[in-house]
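Printed here is final_6.cif (mmCIF, C-alpha atoms, pLDDT in the B column; chains and numbers go by the auth columns):
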```
data_my_file
#
loop_
_atom_site.group_PDB
_atom_site.id
_atom_site.type_symbol
_atom_site.label_atom_id
_atom_site.label_comp_id
_atom_site.label_asym_id
_atom_site.label_seq_id
_atom_site.Cartn_x
_atom_site.Cartn_y
_atom_site.Cartn_z
_atom_site.B_iso_or_equiv
_atom_site.auth_seq_id
_atom_site.auth_asym_id
ATOM 1 C CA MET A 1 92.068 138.233 69.699 71.00 8 A
ATOM 2 C CA SER A 2 90.653 139.703 66.494 79.00 9 A
ATOM 3 C CA PHE A 3 87.656 138.539 64.518 84.00 10 A
ATOM 4 C CA LYS A 4 90.080 137.112 61.952 85.00 11 A
ATOM 5 C CA ASP A 5 91.256 134.636 64.581 89.00 12 A
ATOM 6 C CA LEU A 6 87.735 133.305 65.146 92.00 13 A
ATOM 7 C CA ASN A 7 86.531 130.253 63.276 90.00 14 A
ATOM 8 C CA LEU A 8 83.406 131.843 61.790 93.00 15 A
ATOM 9 C CA LYS A 9 81.243 130.533 58.972 93.00 16 A
ATOM 10 C CA ARG A 10 79.898 132.676 56.135 93.00 17 A
ATOM 11 C CA SER A 11 76.334 131.944 57.232 96.00 18 A
ATOM 12 C CA TYR A 12 74.432 130.231 60.032 95.00 19 A
ATOM 13 C CA SER A 13 71.122 128.397 60.094 95.00 20 A
ATOM 14 C CA SER A 14 69.041 127.965 63.224 90.00 21 A
ATOM 15 C CA ASP A 15 68.055 124.539 61.841 95.00 22 A
ATOM 16 C CA SER A 16 71.584 123.128 61.881 96.00 23 A
ATOM 17 C CA ASP A 17 73.865 125.484 63.849 96.00 24 A
ATOM 18 C CA ASP A 18 74.205 126.452 67.496 95.00 25 A
ATOM 19 C CA ILE A 19 74.117 130.163 66.666 93.00 26 A
ATOM 20 C CA LEU A 20 74.481 131.291 70.287 92.00 27 A
ATOM 21 C CA ASN A 21 77.675 129.337 70.981 93.00 28 A
ATOM 22 C CA GLU A 22 79.144 129.338 67.474 94.00 29 A
ATOM 23 C CA PHE A 23 78.500 132.983 66.598 93.00 30 A
ATOM 24 C CA TYR A 24 77.066 135.354 69.223 91.00 31 A
ATOM 25 C CA LEU A 25 79.224 134.409 72.210 92.00 32 A
ATOM 26 C CA PRO A 26 82.586 134.437 70.380 93.00 33 A
ATOM 27 C CA ILE A 27 81.697 137.699 68.636 93.00 34 A
ATOM 28 C CA LEU A 28 80.509 139.427 71.828 92.00 35 A
ATOM 29 C CA GLU A 29 83.516 138.199 73.820 92.00 36 A
ATOM 30 C CA ASN A 30 85.817 139.901 71.307 92.00 37 A
ATOM 31 C CA SER A 31 83.800 143.049 70.597 94.00 38 A
ATOM 32 C CA ILE A 32 84.105 146.640 71.689 94.00 39 A
ATOM 33 C CA SER A 33 80.669 147.649 70.374 95.00 40 A
ATOM 34 C CA TYR A 34 77.321 145.859 70.104 92.00 41 A
ATOM 35 C CA CYS A 35 74.285 147.552 68.565 93.00 42 A
ATOM 36 C CA ARG A 36 71.071 145.622 68.119 88.00 43 A
ATOM 37 C CA LEU A 37 67.565 146.278 66.889 89.00 44 A
ATOM 38 C CA SER A 38 65.207 143.479 67.868 83.00 45 A
ATOM 39 C CA GLY A 39 61.551 142.749 68.407 82.00 46 A
ATOM 40 C CA PHE A 40 60.331 140.382 71.102 79.00 47 A
ATOM 41 C CA PHE A 41 63.512 140.766 73.138 80.00 48 A
ATOM 42 C CA THR A 42 63.360 138.885 76.443 85.00 49 A
ATOM 43 C CA SER A 43 65.429 138.881 79.605 84.00 50 A
ATOM 44 C CA GLU A 44 66.071 135.195 78.885 86.00 51 A
ATOM 45 C CA SER A 45 67.808 136.062 75.616 84.00 52 A
ATOM 46 C CA LEU A 46 69.957 138.580 77.460 83.00 53 A
ATOM 47 C CA SER A 47 70.855 136.019 80.124 87.00 54 A
ATOM 48 C CA LEU A 48 71.858 133.513 77.430 86.00 55 A
ATOM 49 C CA ALA A 49 74.248 136.069 75.947 85.00 56 A
ATOM 50 C CA ALA A 50 75.662 137.057 79.359 87.00 57 A
ATOM 51 C CA ARG A 51 78.945 135.159 78.919 86.00 58 A
ATOM 52 C CA GLY A 52 79.661 137.108 75.753 90.00 59 A
ATOM 53 C CA ILE A 53 78.537 140.379 77.288 91.00 60 A
ATOM 54 C CA VAL A 54 81.077 139.870 80.090 92.00 61 A
ATOM 55 C CA GLY A 55 83.783 139.865 77.410 91.00 62 A
ATOM 56 C CA LEU A 56 82.334 143.027 75.897 92.00 63 A
ATOM 57 C CA ILE A 57 82.531 144.690 79.327 93.00 64 A
ATOM 58 C CA LYS A 58 86.124 143.490 79.846 93.00 65 A
ATOM 59 C CA ASN A 59 86.966 145.113 76.490 94.00 66 A
ATOM 60 C CA ASN A 60 85.490 148.408 77.773 96.00 67 A
ATOM 61 C CA GLY A 61 82.840 147.949 75.117 95.00 68 A
ATOM 62 C CA LYS A 62 79.514 149.668 74.691 95.00 69 A
ATOM 63 C CA MET A 63 76.136 148.054 74.075 92.00 70 A
ATOM 64 C CA LYS A 64 73.152 149.846 72.544 93.00 71 A
ATOM 65 C CA LEU A 65 69.807 148.089 72.307 88.00 72 A
ATOM 66 C CA ILE A 66 66.641 149.214 70.591 91.00 73 A
ATOM 67 C CA VAL A 67 64.162 146.524 71.487 85.00 74 A
ATOM 68 C CA SER A 68 60.527 145.747 71.928 85.00 75 A
ATOM 69 C CA PRO A 69 60.822 143.858 75.190 79.00 76 A
ATOM 70 C CA LYS A 70 58.544 141.001 76.051 84.00 77 A
ATOM 71 C CA LEU A 71 58.507 141.350 79.817 86.00 78 A
ATOM 72 C CA SER A 72 57.447 138.631 82.205 89.00 79 A
ATOM 73 C CA TYR A 73 55.896 139.361 85.578 92.00 80 A
ATOM 74 C CA GLY A 74 59.269 138.482 87.157 90.00 81 A
ATOM 75 C CA ASP A 75 60.991 140.983 84.867 88.00 82 A
ATOM 76 C CA LEU A 76 58.630 143.716 86.037 89.00 83 A
ATOM 77 C CA ILE A 77 59.276 142.878 89.701 90.00 84 A
ATOM 78 C CA THR A 78 63.048 142.986 89.107 87.00 85 A
ATOM 79 C CA ILE A 79 62.876 146.296 87.216 85.00 86 A
ATOM 80 C CA ASN A 80 60.680 147.906 89.871 88.00 87 A
ATOM 81 C CA SER A 81 62.983 146.639 92.610 89.00 88 A
ATOM 82 C CA ALA A 82 66.062 148.011 90.807 85.00 89 A
ATOM 83 C CA LEU A 83 64.390 151.376 90.205 84.00 90 A
ATOM 84 C CA GLY A 84 63.469 151.572 93.862 80.00 91 A
ATOM 85 C CA SER A 85 67.148 151.234 94.787 68.00 92 A
ATOM 86 C CA VAL A 86 68.289 153.981 92.380 58.00 93 A
ATOM 87 C CA LYS A 87 68.732 157.325 94.091 53.00 94 A
#
```

Rendering of file as structure tokens:
Amino acid sequence: MSFKDLNLKRSYSSDSDDILNEFYLPILENSISYCRLSGFFTSESLSLAARGIVGLIKNNGKMKLIVSPKLSYGDLITINSALGSVK
């Protein structure tokens, strides 16, 4: 499916639109590249976008993030655990 086949609006408002489900997920599911610059990026925001990111992976896509992460204590535990398993 191409972006032309998606039912996208010219603009979205967080006051009246479900931006995650109406924009981000359909776009990510059909993308081959995702580059994002974001402040206050959380693991929760990444988990919300996971369905779309699965589509990006299925498309052999690439994701590049430049973020200022806001890490929770649980995030730190997970990261440290993952790094401990990397050899």

Taking all atoms of range 12-28 of chain A that the file lists, what box with edges along x, y and z, padded by 3 Å per side, do you get, with centre and edge lengths in Å to one decimal, as JSON?
```
{"center_x": 79.7, "center_y": 128.9, "center_z": 63.6, "size_x": 29.2, "size_y": 17.5, "size_z": 20.8}
```

When you look at Tyr41 in chain A with a cut-off of 8 Å (counting only C-alpha atoms), what residues show up, excluding the ones that are within fewer than 2 positions of it in the same chain? I need them as a ChimeraX atom specification. /A:35,38-39,43,68-71

* To do: Translate the PyMOL selection byres ((chain A and resi 20-33) around 9), as applied to the file shown, into an explicit residue set as a PyMOL selection string.
  => chain A and resi 10+13-16+18-19+34-38+55-60+62

message: Rounded to one decimal, what separation in Å do you get between CA of Ser75 in chain A and CA of Arg17 in chain A?
response: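 Spanning CA of Ser75 in chain A to CA of Arg17 in chain A is a straight-line distance of 28.2 Å.
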
As an exercise, work out the distance from CA of Leu72 in chain A to CA of Cys42 in chain A in Å and give it to one decimal place.
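Result for CA of Leu72 in chain A versus CA of Cys42 in chain A: 5.9 Å, one decimal.
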
One decimal place gives the CA of Thr85 in chain A-CA of Leu53 in chain A separation as 14.2 Å

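Once the PyMOL selection byres ((chain A and resi 48) around 9) is applied to this file, the selection holds A:Ser45, A:Gly46, A:Phe47, A:Thr49, A:Ser50, A:Glu51, A:Ser52, A:Leu53, A:Val74, A:Ser75, A:Pro76, A:Lys77, A:Leu78.
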
Complete range 60-76 of chain A with N, CA and C atoms (output as an mmCIF file, in the coordinates of the input).
```
data_model
loop_
_atom_site.group_PDB
_atom_site.id
_atom_site.type_symbol
_atom_site.label_atom_id
_atom_site.label_comp_id
_atom_site.auth_asym_id
_atom_site.auth_seq_id
_atom_site.Cartn_x
_atom_site.Cartn_y
_atom_site.Cartn_z
ATOM 1 N N ILE A 60 78.624 138.991 76.845
ATOM 2 C CA ILE A 60 78.537 140.379 77.288
ATOM 3 C C ILE A 60 79.609 140.682 78.324
ATOM 4 N N VAL A 61 79.976 139.695 79.134
ATOM 5 C CA VAL A 61 81.077 139.870 80.090
ATOM 6 C C VAL A 61 82.359 140.220 79.338
ATOM 7 N N GLY A 62 82.612 139.546 78.224
ATOM 8 C CA GLY A 62 83.783 139.865 77.410
ATOM 9 C C GLY A 62 83.716 141.263 76.843
ATOM 10 N N LEU A 63 82.533 141.670 76.412
ATOM 11 C CA LEU A 63 82.334 143.027 75.897
ATOM 12 C C LEU A 63 82.674 144.045 76.980
ATOM 13 N N ILE A 64 82.232 143.791 78.206
ATOM 14 C CA ILE A 64 82.531 144.690 79.327
ATOM 15 C C ILE A 64 84.030 144.715 79.611
ATOM 16 N N LYS A 65 84.673 143.554 79.609
ATOM 17 C CA LYS A 65 86.124 143.490 79.846
ATOM 18 C C LYS A 65 86.900 144.260 78.790
ATOM 19 N N ASN A 66 86.334 144.357 77.583
ATOM 20 C CA ASN A 66 86.966 145.113 76.490
ATOM 21 C C ASN A 66 86.606 146.592 76.539
ATOM 22 N N ASN A 67 85.981 147.033 77.643
ATOM 23 C CA ASN A 67 85.490 148.408 77.773
ATOM 24 C C ASN A 67 84.521 148.759 76.643
ATOM 25 N N GLY A 68 83.762 147.771 76.221
ATOM 26 C CA GLY A 68 82.840 147.949 75.117
ATOM 27 C C GLY A 68 81.551 148.643 75.514
ATOM 28 N N LYS A 69 80.808 149.002 74.521
ATOM 29 C CA LYS A 69 79.514 149.668 74.691
ATOM 30 C C LYS A 69 78.435 148.826 74.020
ATOM 31 N N MET A 70 77.264 148.783 74.634
ATOM 32 C CA MET A 70 76.136 148.054 74.075
ATOM 33 C C MET A 70 74.951 149.003 73.965
ATOM 34 N N LYS A 71 74.348 149.030 72.782
ATOM 35 C CA LYS A 71 73.152 149.846 72.544
ATOM 36 C C LYS A 71 72.063 148.912 72.030
ATOM 37 N N LEU A 72 70.920 148.942 72.698
ATOM 38 C CA LEU A 72 69.807 148.089 72.307
ATOM 39 C C LEU A 72 68.578 148.935 72.012
ATOM 40 N N ILE A 73 67.960 148.679 70.894
ATOM 41 C CA ILE A 73 66.641 149.214 70.591
ATOM 42 C C ILE A 73 65.760 147.980 70.452
ATOM 43 N N VAL A 74 64.908 147.776 71.438
ATOM 44 C CA VAL A 74 64.162 146.524 71.487
ATOM 45 C C VAL A 74 62.698 146.762 71.841
ATOM 46 N N SER A 75 61.908 145.798 71.492
ATOM 47 C CA SER A 75 60.527 145.747 71.928
ATOM 48 C C SER A 75 60.473 144.607 72.938
ATOM 49 N N PRO A 76 60.682 144.926 74.202
ATOM 50 C CA PRO A 76 60.822 143.858 75.190
ATOM 51 C C PRO A 76 59.514 143.117 75.441
#
```
